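S.K.: Here's a structure for you.
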Amino acid sequence: MIQISHVSKIYKSGTVETVALNDVSFEIKKGEFAAIMGPSGSGKSTLMHILGALDTPTSGTYILDRENVEKLSDDQLAEIRNRKIGFVFQAFNLLPRRTALQNVMLPLVYAGVPKEERIERAKKYLDMVGLSDRLEHTSNQLSGGQQQRVAIARSLVLNPAILLADEPTGNIASSQAAEIMEIFQDLNKEGHTIIMITHEADIAQHAKRTIHIRDGRIVNDGNNHKQKKANK
Ligand SMILES: Nc1ncnc2c1ncn2[C@@H]1O[C@H](COP(=O)(O)OP(=O)(O)O)[C@@H](O)[C@H]1O
Ligand SMILES: [Mg+2]
């Protein structure tokens, strides 16, 4: 699904160069649930921007769902992003005065899906995240955890190849964070490929695999549950 090979990203401002990613390589297969974890400044956002086709690497290659992404124009990047990636952000990014249903329907409006089908599909995904009873609530009438669940439903309505979540529990209470992790696990069981960026080890632990980055390099990449299985 995803192949990142020898990717580096160097930011230049004036004469100062910052190496944000330094020769990073990994693969993510269809159906995986992987966490990318690292401390502040380790390169997580930079990597997320590249994975999400929001930015391109300085060097190296990136193949997303059989398409080479590293050299595309901005328009081509936007196109691939809309078609293949569902984003979930730390700050939810919902429209505040719109209802849950309207927020989830929005990508379908842009995609030109007829109204009846829009409603049906939006309801299906809101049901998947356990919000069937909140369809007509506006964003500001929902808790942080509920808003993030709306954002997850919205990220899925166009059937993306991968779900990319950037610190998805960063703005919500820890009791609700557990619910979000449960939803990701359920979605993953249904076959969704999920990549989650986090700086918290206990959040990363909910994924099946954790890729640790530090100073722009991968320092560890392993199965989260191997240890437990080995002890059984
Ligand atoms: N646009 C930018 N210009 C210059 N340096 C940047 C830019 N974005 C990030 N950096 C630097 O790159 C490194 C990695 O940043 P970032 O990817 O945001 O890390 P994280 O998300 O893990 O905190 C940091 O040293 C940061 O200061
Ligand atoms: Mg960051």
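Note on naming: chains are A, B, ... as they come in the structure tokens, residues start from 1 per chain, ligands start from 1 in the order shown.
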Residues of chain A that approach ligand 1 to 10 Å or less, counting only C-alpha atoms and all ligand atoms: could you list each one with the shortest pair of atoms and its distance in Å to one decimal, rows by chain and increasing residue number, as JSON lines?
M.R.:
```
{"residue": "A:Lys9", "atom": "CA", "partner": "ligand 1", "partner_atom_place_in_ligand_line": "12 (O)", "distance": 8.5}
{"residue": "A:Ile10", "atom": "CA", "partner": "ligand 1", "partner_atom_place_in_ligand_line": "5 (N)", "distance": 7.8}
{"residue": "A:Tyr11", "atom": "CA", "partner": "ligand 1", "partner_atom_place_in_ligand_line": "4 (C)", "distance": 4.7}
{"residue": "A:Lys12", "atom": "CA", "partner": "ligand 1", "partner_atom_place_in_ligand_line": "4 (C)", "distance": 6.2}
{"residue": "A:Ser13", "atom": "CA", "partner": "ligand 1", "partner_atom_place_in_ligand_line": "4 (C)", "distance": 6.3}
{"residue": "A:Gly14", "atom": "CA", "partner": "ligand 1", "partner_atom_place_in_ligand_line": "4 (C)", "distance": 10.0}
{"residue": "A:Val16", "atom": "CA", "partner": "ligand 1", "partner_atom_place_in_ligand_line": "4 (C)", "distance": 8.5}
{"residue": "A:Glu17", "atom": "CA", "partner": "ligand 1", "partner_atom_place_in_ligand_line": "4 (C)", "distance": 7.6}
{"residue": "A:Thr18", "atom": "CA", "partner": "ligand 1", "partner_atom_place_in_ligand_line": "5 (N)", "distance": 5.6}
{"residue": "A:Val19", "atom": "CA", "partner": "ligand 1", "partner_atom_place_in_ligand_line": "12 (O)", "distance": 6.4}
{"residue": "A:Ala20", "atom": "CA", "partner": "ligand 1", "partner_atom_place_in_ligand_line": "12 (O)", "distance": 4.1}
{"residue": "A:Leu21", "atom": "CA", "partner": "ligand 1", "partner_atom_place_in_ligand_line": "14 (C)", "distance": 7.3}
{"residue": "A:Ile36", "atom": "CA", "partner": "ligand 1", "partner_atom_place_in_ligand_line": "22 (O)", "distance": 9.6}
{"residue": "A:Met37", "atom": "CA", "partner": "ligand 1", "partner_atom_place_in_ligand_line": "22 (O)", "distance": 8.2}
{"residue": "A:Gly38", "atom": "CA", "partner": "ligand 1", "partner_atom_place_in_ligand_line": "22 (O)", "distance": 6.1}
{"residue": "A:Pro39", "atom": "CA", "partner": "ligand 1", "partner_atom_place_in_ligand_line": "22 (O)", "distance": 5.9}
{"residue": "A:Ser40", "atom": "CA", "partner": "ligand 1", "partner_atom_place_in_ligand_line": "23 (O)", "distance": 3.7}
{"residue": "A:Gly41", "atom": "CA", "partner": "ligand 1", "partner_atom_place_in_ligand_line": "23 (O)", "distance": 3.4}
{"residue": "A:Ser42", "atom": "CA", "partner": "ligand 1", "partner_atom_place_in_ligand_line": "22 (O)", "distance": 3.9}
{"residue": "A:Gly43", "atom": "CA", "partner": "ligand 1", "partner_atom_place_in_ligand_line": "17 (O)", "distance": 3.2}
{"residue": "A:Lys44", "atom": "CA", "partner": "ligand 1", "partner_atom_place_in_ligand_line": "22 (O)", "distance": 3.7}
{"residue": "A:Ser45", "atom": "CA", "partner": "ligand 1", "partner_atom_place_in_ligand_line": "21 (O)", "distance": 3.6}
{"residue": "A:Thr46", "atom": "CA", "partner": "ligand 1", "partner_atom_place_in_ligand_line": "17 (O)", "distance": 3.7}
{"residue": "A:Leu47", "atom": "CA", "partner": "ligand 1", "partner_atom_place_in_ligand_line": "17 (O)", "distance": 6.5}
{"residue": "A:Met48", "atom": "CA", "partner": "ligand 1", "partner_atom_place_in_ligand_line": "17 (O)", "distance": 8.0}
{"residue": "A:His49", "atom": "CA", "partner": "ligand 1", "partner_atom_place_in_ligand_line": "17 (O)", "distance": 8.5}
{"residue": "A:Asp166", "atom": "CA", "partner": "ligand 1", "partner_atom_place_in_ligand_line": "21 (O)", "distance": 9.2}
{"residue": "A:Glu167", "atom": "CA", "partner": "ligand 1", "partner_atom_place_in_ligand_line": "21 (O)", "distance": 9.6}
{"residue": "A:Ile197", "atom": "CA", "partner": "ligand 1", "partner_atom_place_in_ligand_line": "21 (O)", "distance": 8.7}
{"residue": "A:Thr198", "atom": "CA", "partner": "ligand 1", "partner_atom_place_in_ligand_line": "22 (O)", "distance": 8.6}
{"residue": "A:His199", "atom": "CA", "partner": "ligand 1", "partner_atom_place_in_ligand_line": "22 (O)", "distance": 7.7}
{"residue": "A:Ile213", "atom": "CA", "partner": "ligand 1", "partner_atom_place_in_ligand_line": "22 (O)", "distance": 8.2}
{"residue": "A:Arg214", "atom": "CA", "partner": "ligand 1", "partner_atom_place_in_ligand_line": "22 (O)", "distance": 8.1}
{"residue": "A:Asp215", "atom": "CA", "partner": "ligand 1", "partner_atom_place_in_ligand_line": "14 (C)", "distance": 7.5}
{"residue": "A:Gly216", "atom": "CA", "partner": "ligand 1", "partner_atom_place_in_ligand_line": "14 (C)", "distance": 6.9}
```
S.K.: Write out the residues from the selection above, keeping N, CA and C atoms, as an mmCIF file, in the first residue's frame.
M.R.:
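Result file is again.cif:
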```
data_model
loop_
_atom_site.group_PDB
_atom_site.id
_atom_site.type_symbol
_atom_site.label_atom_id
_atom_site.label_comp_id
_atom_site.auth_asym_id
_atom_site.auth_seq_id
_atom_site.Cartn_x
_atom_site.Cartn_y
_atom_site.Cartn_z
ATOM 1 N N LYS A 9 14.110 14.789 4.113
ATOM 2 C CA LYS A 9 13.507 16.108 3.927
ATOM 3 C C LYS A 9 14.390 17.138 4.607
ATOM 4 N N ILE A 10 14.841 18.076 3.832
ATOM 5 C CA ILE A 10 15.683 19.141 4.361
ATOM 6 C C ILE A 10 14.966 20.474 4.169
ATOM 7 N N TYR A 11 14.757 21.181 5.267
ATOM 8 C CA TYR A 11 14.160 22.516 5.181
ATOM 9 C C TYR A 11 15.288 23.528 5.113
ATOM 10 N N LYS A 12 15.160 24.475 4.192
ATOM 11 C CA LYS A 12 16.160 25.537 4.094
ATOM 12 C C LYS A 12 15.504 26.866 4.413
ATOM 13 N N SER A 13 16.044 27.551 5.397
ATOM 14 C CA SER A 13 15.582 28.930 5.588
ATOM 15 C C SER A 13 16.825 29.801 5.692
ATOM 16 N N GLY A 14 17.009 30.649 4.682
ATOM 17 C CA GLY A 14 18.235 31.437 4.577
ATOM 18 C C GLY A 14 19.408 30.494 4.390
ATOM 19 N N VAL A 16 20.351 28.456 6.827
ATOM 20 C CA VAL A 16 20.196 27.362 7.788
ATOM 21 C C VAL A 16 19.462 26.176 7.156
ATOM 22 N N GLU A 17 20.058 25.016 7.282
ATOM 23 C CA GLU A 17 19.422 23.798 6.795
ATOM 24 C C GLU A 17 19.031 22.920 7.973
ATOM 25 N N THR A 18 17.787 22.452 7.975
ATOM 26 C CA THR A 18 17.352 21.508 9.006
ATOM 27 C C THR A 18 17.017 20.179 8.345
ATOM 28 N N VAL A 19 17.688 19.138 8.791
ATOM 29 C CA VAL A 19 17.378 17.804 8.270
ATOM 30 C C VAL A 19 16.246 17.241 9.130
ATOM 31 N N ALA A 20 15.023 17.294 8.607
ATOM 32 C CA ALA A 20 13.859 16.846 9.380
ATOM 33 C C ALA A 20 13.649 15.348 9.241
ATOM 34 N N LEU A 21 13.972 14.783 8.070
ATOM 35 C CA LEU A 21 13.928 13.334 7.876
ATOM 36 C C LEU A 21 15.227 12.919 7.216
ATOM 37 N N ILE A 36 3.180 5.876 14.198
ATOM 38 C CA ILE A 36 4.488 6.502 14.033
ATOM 39 C C ILE A 36 4.686 7.366 15.269
ATOM 40 N N MET A 37 5.678 6.982 16.085
ATOM 41 C CA MET A 37 5.829 7.628 17.381
ATOM 42 C C MET A 37 7.211 8.264 17.532
ATOM 43 N N GLY A 38 7.232 9.418 18.153
ATOM 44 C CA GLY A 38 8.514 10.068 18.406
ATOM 45 C C GLY A 38 8.287 11.321 19.217
ATOM 46 N N PRO A 39 9.336 11.813 19.863
ATOM 47 C CA PRO A 39 9.208 13.038 20.657
ATOM 48 C C PRO A 39 9.041 14.264 19.763
ATOM 49 N N SER A 40 8.745 15.379 20.378
ATOM 50 C CA SER A 40 8.597 16.635 19.658
ATOM 51 C C SER A 40 9.870 16.940 18.876
ATOM 52 N N GLY A 41 9.709 17.346 17.627
ATOM 53 C CA GLY A 41 10.855 17.704 16.803
ATOM 54 C C GLY A 41 11.524 16.537 16.104
ATOM 55 N N SER A 42 10.951 15.333 16.247
ATOM 56 C CA SER A 42 11.588 14.140 15.671
ATOM 57 C C SER A 42 11.309 13.981 14.179
ATOM 58 N N GLY A 43 10.326 14.730 13.654
ATOM 59 C CA GLY A 43 10.031 14.642 12.225
ATOM 60 C C GLY A 43 8.667 14.046 11.910
ATOM 61 N N LYS A 44 7.832 13.860 12.927
ATOM 62 C CA LYS A 44 6.518 13.225 12.728
ATOM 63 C C LYS A 44 5.639 14.025 11.755
ATOM 64 N N SER A 45 5.527 15.321 11.993
ATOM 65 C CA SER A 45 4.655 16.129 11.124
ATOM 66 C C SER A 45 5.191 16.157 9.695
ATOM 67 N N THR A 46 6.500 16.242 9.581
ATOM 68 C CA THR A 46 7.113 16.235 8.252
ATOM 69 C C THR A 46 6.768 14.931 7.529
ATOM 70 N N LEU A 47 6.878 13.827 8.235
ATOM 71 C CA LEU A 47 6.578 12.529 7.639
ATOM 72 C C LEU A 47 5.091 12.424 7.303
ATOM 73 N N MET A 48 4.258 12.922 8.202
ATOM 74 C CA MET A 48 2.807 12.918 7.972
ATOM 75 C C MET A 48 2.464 13.726 6.714
ATOM 76 N N HIS A 49 3.132 14.866 6.531
ATOM 77 C CA HIS A 49 2.863 15.683 5.344
ATOM 78 C C HIS A 49 3.268 14.969 4.069
ATOM 79 N N ASP A 166 -3.326 12.345 12.642
ATOM 80 C CA ASP A 166 -2.230 13.094 13.251
ATOM 81 C C ASP A 166 -2.596 13.467 14.685
ATOM 82 N N GLU A 167 -1.989 12.824 15.665
ATOM 83 C CA GLU A 167 -2.278 13.070 17.082
ATOM 84 C C GLU A 167 -3.801 13.095 17.334
ATOM 85 N N ILE A 197 -0.155 9.069 13.872
ATOM 86 C CA ILE A 197 1.023 9.768 14.367
ATOM 87 C C ILE A 197 0.771 10.156 15.821
ATOM 88 N N THR A 198 1.719 9.868 16.691
ATOM 89 C CA THR A 198 1.526 10.225 18.101
ATOM 90 C C THR A 198 2.874 10.392 18.807
ATOM 91 N N HIS A 199 2.867 11.179 19.888
ATOM 92 C CA HIS A 199 4.090 11.235 20.697
ATOM 93 C C HIS A 199 3.902 10.421 21.978
ATOM 94 N N ILE A 213 10.430 7.139 15.600
ATOM 95 C CA ILE A 213 11.421 8.010 14.969
ATOM 96 C C ILE A 213 12.021 8.972 15.984
ATOM 97 N N ARG A 214 13.252 9.299 15.717
ATOM 98 C CA ARG A 214 13.992 10.216 16.585
ATOM 99 C C ARG A 214 15.007 10.937 15.705
ATOM 100 N N ASP A 215 15.055 12.242 15.832
ATOM 101 C CA ASP A 215 15.969 13.053 15.010
ATOM 102 C C ASP A 215 15.893 12.689 13.524
ATOM 103 N N GLY A 216 14.678 12.443 13.050
ATOM 104 C CA GLY A 216 14.494 12.205 11.623
ATOM 105 C C GLY A 216 14.876 10.831 11.125
#
```
S.K.: List as a ChimeraX atom specification the protein and nucleic acid residues near Arg98 in chain A, meaning an atom at most 6 Å away when only C-alpha atoms are counted, but skip any in the same chain fewer than 3 places from it.
M.R.: /A:95,102,138
S.K.: Take the residues from that selection and put them in a file with all heavy atoms, as a compact mmCIF listing (two decimals), in the first residue's frame.
M.R.:
```
# COMPACT_ATOMS: atom_id res chain seq x y z
N LEU A 95 -16.75 21.83 10.57
CA LEU A 95 -17.41 23.13 10.44
C LEU A 95 -18.32 23.31 11.66
O LEU A 95 -19.19 22.49 11.93
CB LEU A 95 -18.24 23.19 9.15
CG LEU A 95 -17.42 23.10 7.86
CD1 LEU A 95 -18.33 23.06 6.64
CD2 LEU A 95 -16.44 24.27 7.75
N GLN A 102 -24.17 16.88 8.28
CA GLN A 102 -23.69 17.79 7.24
C GLN A 102 -22.17 17.74 7.10
O GLN A 102 -21.64 17.76 5.99
CB GLN A 102 -24.12 19.23 7.56
CG GLN A 102 -25.59 19.49 7.32
CD GLN A 102 -26.04 20.84 7.86
OE1 GLN A 102 -25.48 21.36 8.82
NE2 GLN A 102 -27.06 21.41 7.24
N THR A 138 -24.98 19.97 16.24
CA THR A 138 -23.89 20.72 15.61
C THR A 138 -22.60 20.42 16.38
O THR A 138 -22.64 19.94 17.51
CB THR A 138 -24.18 22.24 15.64
OG1 THR A 138 -24.43 22.64 17.00
CG2 THR A 138 -25.38 22.58 14.79
```
S.K.: Counting only C-alpha atoms, what is within 7 Å of range 217-223 of chain A, bar same-chain residues fewer than 6 positions away, as a ChimeraX atom specification?
M.R.: /A:21-24,208-211
S.K.: Determine which residues of chain A receive a DSSP assignment of strand (DSSP E or B), computed from the backbone, and state them as a ChimeraX atom specification.
M.R.: /A:2-13,16-28,33-37,59-64,67-68,85-88,99,138,162-166,193-198,209-214,217-223
S.K.: Given the choices A:Gln90, A:Ser174, A:Ser132, A:Thr193, which gets closest to ligand 2 if the distance is worked out from only C-alpha atoms and all ligand atoms?
M.R.: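 Looking at the shortest contact to ligand 2, the residue is A:Gln90.
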S.K.: Quick one: of A:Ser59, A:Ser155, A:Leu51, A:Ile28, who's nearest to Ser8 in chain A, counting only C-alpha atoms?
M.R.: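 Smallest separation from Ser8 in chain A among the options: A:Ser59.
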S.K.: Would you pick out the contacts of Glu136 in chain A at 7 Å or less, using only C-alpha atoms, so that residues sharing its chain but fewer than 2 positions from it are not included, and give the list as JSON, numbers by chain?
M.R.: {"A": [99, 100, 101, 134, 138]}
S.K.: Output all heavy atoms for every residue in that selection, as a PDB file, in the first residue's frame.
M.R.:
```pdb
ATOM      1  N   THR A  99     -24.228  20.416  11.284  1.00  0.00           N
ATOM      2  CA  THR A  99     -24.516  19.201  12.053  1.00  0.00           C
ATOM      3  C   THR A  99     -23.495  18.109  11.728  1.00  0.00           C
ATOM      4  O   THR A  99     -22.753  18.200  10.741  1.00  0.00           O
ATOM      5  CB  THR A  99     -25.915  18.654  11.718  1.00  0.00           C
ATOM      6  OG1 THR A  99     -25.912  18.226  10.346  1.00  0.00           O
ATOM      7  CG2 THR A  99     -27.000  19.701  11.934  1.00  0.00           C
ATOM      8  N   ALA A 100     -23.513  17.078  12.571  1.00  0.00           N
ATOM      9  CA  ALA A 100     -22.652  15.918  12.336  1.00  0.00           C
ATOM     10  C   ALA A 100     -22.908  15.372  10.929  1.00  0.00           C
ATOM     11  O   ALA A 100     -21.972  15.133  10.159  1.00  0.00           O
ATOM     12  CB  ALA A 100     -22.925  14.851  13.392  1.00  0.00           C
ATOM     13  N   LEU A 101     -24.182  15.220  10.593  1.00  0.00           N
ATOM     14  CA  LEU A 101     -24.537  14.679   9.271  1.00  0.00           C
ATOM     15  C   LEU A 101     -24.004  15.561   8.144  1.00  0.00           C
ATOM     16  O   LEU A 101     -23.413  15.067   7.181  1.00  0.00           O
ATOM     17  CB  LEU A 101     -26.070  14.538   9.181  1.00  0.00           C
ATOM     18  CG  LEU A 101     -26.604  13.760   7.978  1.00  0.00           C
ATOM     19  CD1 LEU A 101     -26.125  12.317   7.985  1.00  0.00           C
ATOM     20  CD2 LEU A 101     -28.132  13.792   7.964  1.00  0.00           C
ATOM     21  N   ARG A 134     -26.778  11.219  17.133  1.00  0.00           N
ATOM     22  CA  ARG A 134     -26.282  12.597  17.201  1.00  0.00           C
ATOM     23  C   ARG A 134     -26.234  13.260  15.823  1.00  0.00           C
ATOM     24  O   ARG A 134     -25.540  14.257  15.645  1.00  0.00           O
ATOM     25  CB  ARG A 134     -24.856  12.613  17.785  1.00  0.00           C
ATOM     26  CG  ARG A 134     -24.747  12.196  19.240  1.00  0.00           C
ATOM     27  CD  ARG A 134     -25.337  13.240  20.173  1.00  0.00           C
ATOM     28  NE  ARG A 134     -25.073  12.946  21.569  1.00  0.00           N
ATOM     29  CZ  ARG A 134     -25.759  12.088  22.307  1.00  0.00           C
ATOM     30  NH1 ARG A 134     -26.763  11.402  21.772  1.00  0.00           N
ATOM     31  NH2 ARG A 134     -25.466  11.896  23.587  1.00  0.00           N
ATOM     32  N   THR A 138     -24.979  19.967  16.236  1.00  0.00           N
ATOM     33  CA  THR A 138     -23.895  20.722  15.612  1.00  0.00           C
ATOM     34  C   THR A 138     -22.601  20.423  16.376  1.00  0.00           C
ATOM     35  O   THR A 138     -22.639  19.941  17.510  1.00  0.00           O
ATOM     36  CB  THR A 138     -24.182  22.245  15.644  1.00  0.00           C
ATOM     37  OG1 THR A 138     -24.427  22.638  17.002  1.00  0.00           O
ATOM     38  CG2 THR A 138     -25.385  22.576  14.785  1.00  0.00           C
TER      39      THR A 138
END
```
S.K.: Running DSSP on the backbone, which parts of range 153-219 of chain A land in helix (DSSP H, G or I), as a list in words?
M.R.: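 Result set for range 153-219 of chain A (helix (DSSP H, G or I)): Ala153, Arg154, Ser155, Leu156, Ser174, Ser175, Gln176, Ala177, Ala178, Glu179, Ile180, Met181, Glu182, Ile183, Phe184, Gln185, Asp186, Leu187, Asn188, Lys189, Ala201, Asp202, Ile203 and Ala204 of chain A.
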S.K.: Using only C-alpha atoms, determine which residues lie at most 12 Å from Ala178 in chain A, disregarding the query and same-chain residues fewer than 6 positions distant; provide the list as a count of residues only.
M.R.: 13
S.K.: Between A:Ala165, A:Gly191, A:Tyr125, A:Ala173, which one has atoms that come closest to ligand 2, using only C-alpha atoms and all ligand atoms?
M.R.: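 Using only C-alpha atoms and all ligand atoms, ligand 2 sits closest to A:Ala165.
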S.K.: Pick from A:Gln3, A:Phe89, A:Gly60, A:Asp55: nearest to ligand 2, with only C-alpha atoms and all ligand atoms counted?
M.R.: A:Phe89
S.K.: Could you work out how far CA of Ile119 in chain A lies from CA of Glu179 in chain A, giving the answer in Å with one decimal?
M.R.: 24.7 Å
S.K.: Contacts between range 81-88 of chain A and range 192-226 of chain A, please, where a residue of range 192-226 of chain A counts if it comes within 10 Å (with only C-alpha atoms); show its shortest atom pair and distance in Å to one decimal, rows by chain and ascending number, as CSV.
M.R.:
```
residue,atom,partner,partner_atom,distance
A:Ile194,CA,A:Gly86,CA,9.4
A:Ile195,CA,A:Phe87,CA,10.0
A:Met196,CA,A:Val88,CA,9.0
```
S.K.: Convert the current residue selection to file output with all heavy atoms, as a JSON list (two decimals), in the first residue's frame.
M.R.:
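Everything below was put into out10.json:
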```
[["chain", "number", "residue", "atom", "x", "y", "z"],
["A", 194, "ILE", "N", -4.63, 1.88, 8.60],
["A", 194, "ILE", "CA", -4.57, 3.09, 9.43],
["A", 194, "ILE", "C", -3.12, 3.41, 9.82],
["A", 194, "ILE", "O", -2.38, 2.54, 10.25],
["A", 194, "ILE", "CB", -5.41, 2.91, 10.71],
["A", 194, "ILE", "CG1", -6.87, 2.58, 10.36],
["A", 194, "ILE", "CG2", -5.34, 4.17, 11.60],
["A", 194, "ILE", "CD1", -7.75, 2.24, 11.55],
["A", 195, "ILE", "N", -2.76, 4.68, 9.65],
["A", 195, "ILE", "CA", -1.47, 5.16, 10.14],
["A", 195, "ILE", "C", -1.76, 6.30, 11.11],
["A", 195, "ILE", "O", -2.47, 7.24, 10.78],
["A", 195, "ILE", "CB", -0.57, 5.67, 9.01],
["A", 195, "ILE", "CG1", -0.35, 4.58, 7.97],
["A", 195, "ILE", "CG2", 0.77, 6.16, 9.56],
["A", 195, "ILE", "CD1", 0.46, 5.02, 6.77],
["A", 196, "MET", "N", -1.23, 6.17, 12.31],
["A", 196, "MET", "CA", -1.52, 7.14, 13.36],
["A", 196, "MET", "C", -0.21, 7.74, 13.87],
["A", 196, "MET", "O", 0.71, 7.02, 14.23],
["A", 196, "MET", "CB", -2.24, 6.40, 14.49],
["A", 196, "MET", "CG", -2.49, 7.22, 15.72],
["A", 196, "MET", "SD", -3.51, 6.30, 16.87],
["A", 196, "MET", "CE", -2.34, 5.12, 17.53]]
```
S.K.: Name the closest residue to Gln76 in chain A among the candidates A:Val104, A:Ala111, A:Leu94, A:Ala53; distances are taken between atoms, counting only C-alpha atoms.
M.R.: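 Of A:Val104, A:Ala111, A:Leu94, A:Ala53, the one nearest Gln76 in chain A is A:Ala53, counting only C-alpha atoms.
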S.K.: What's around Arg66 in chain A at 9 Å? Count only C-alpha atoms, leave out sequence neighbours fewer than 3 positions away in its own chain, and write the answer as a ChimeraX atom specification.
M.R.: /A:1-3,63
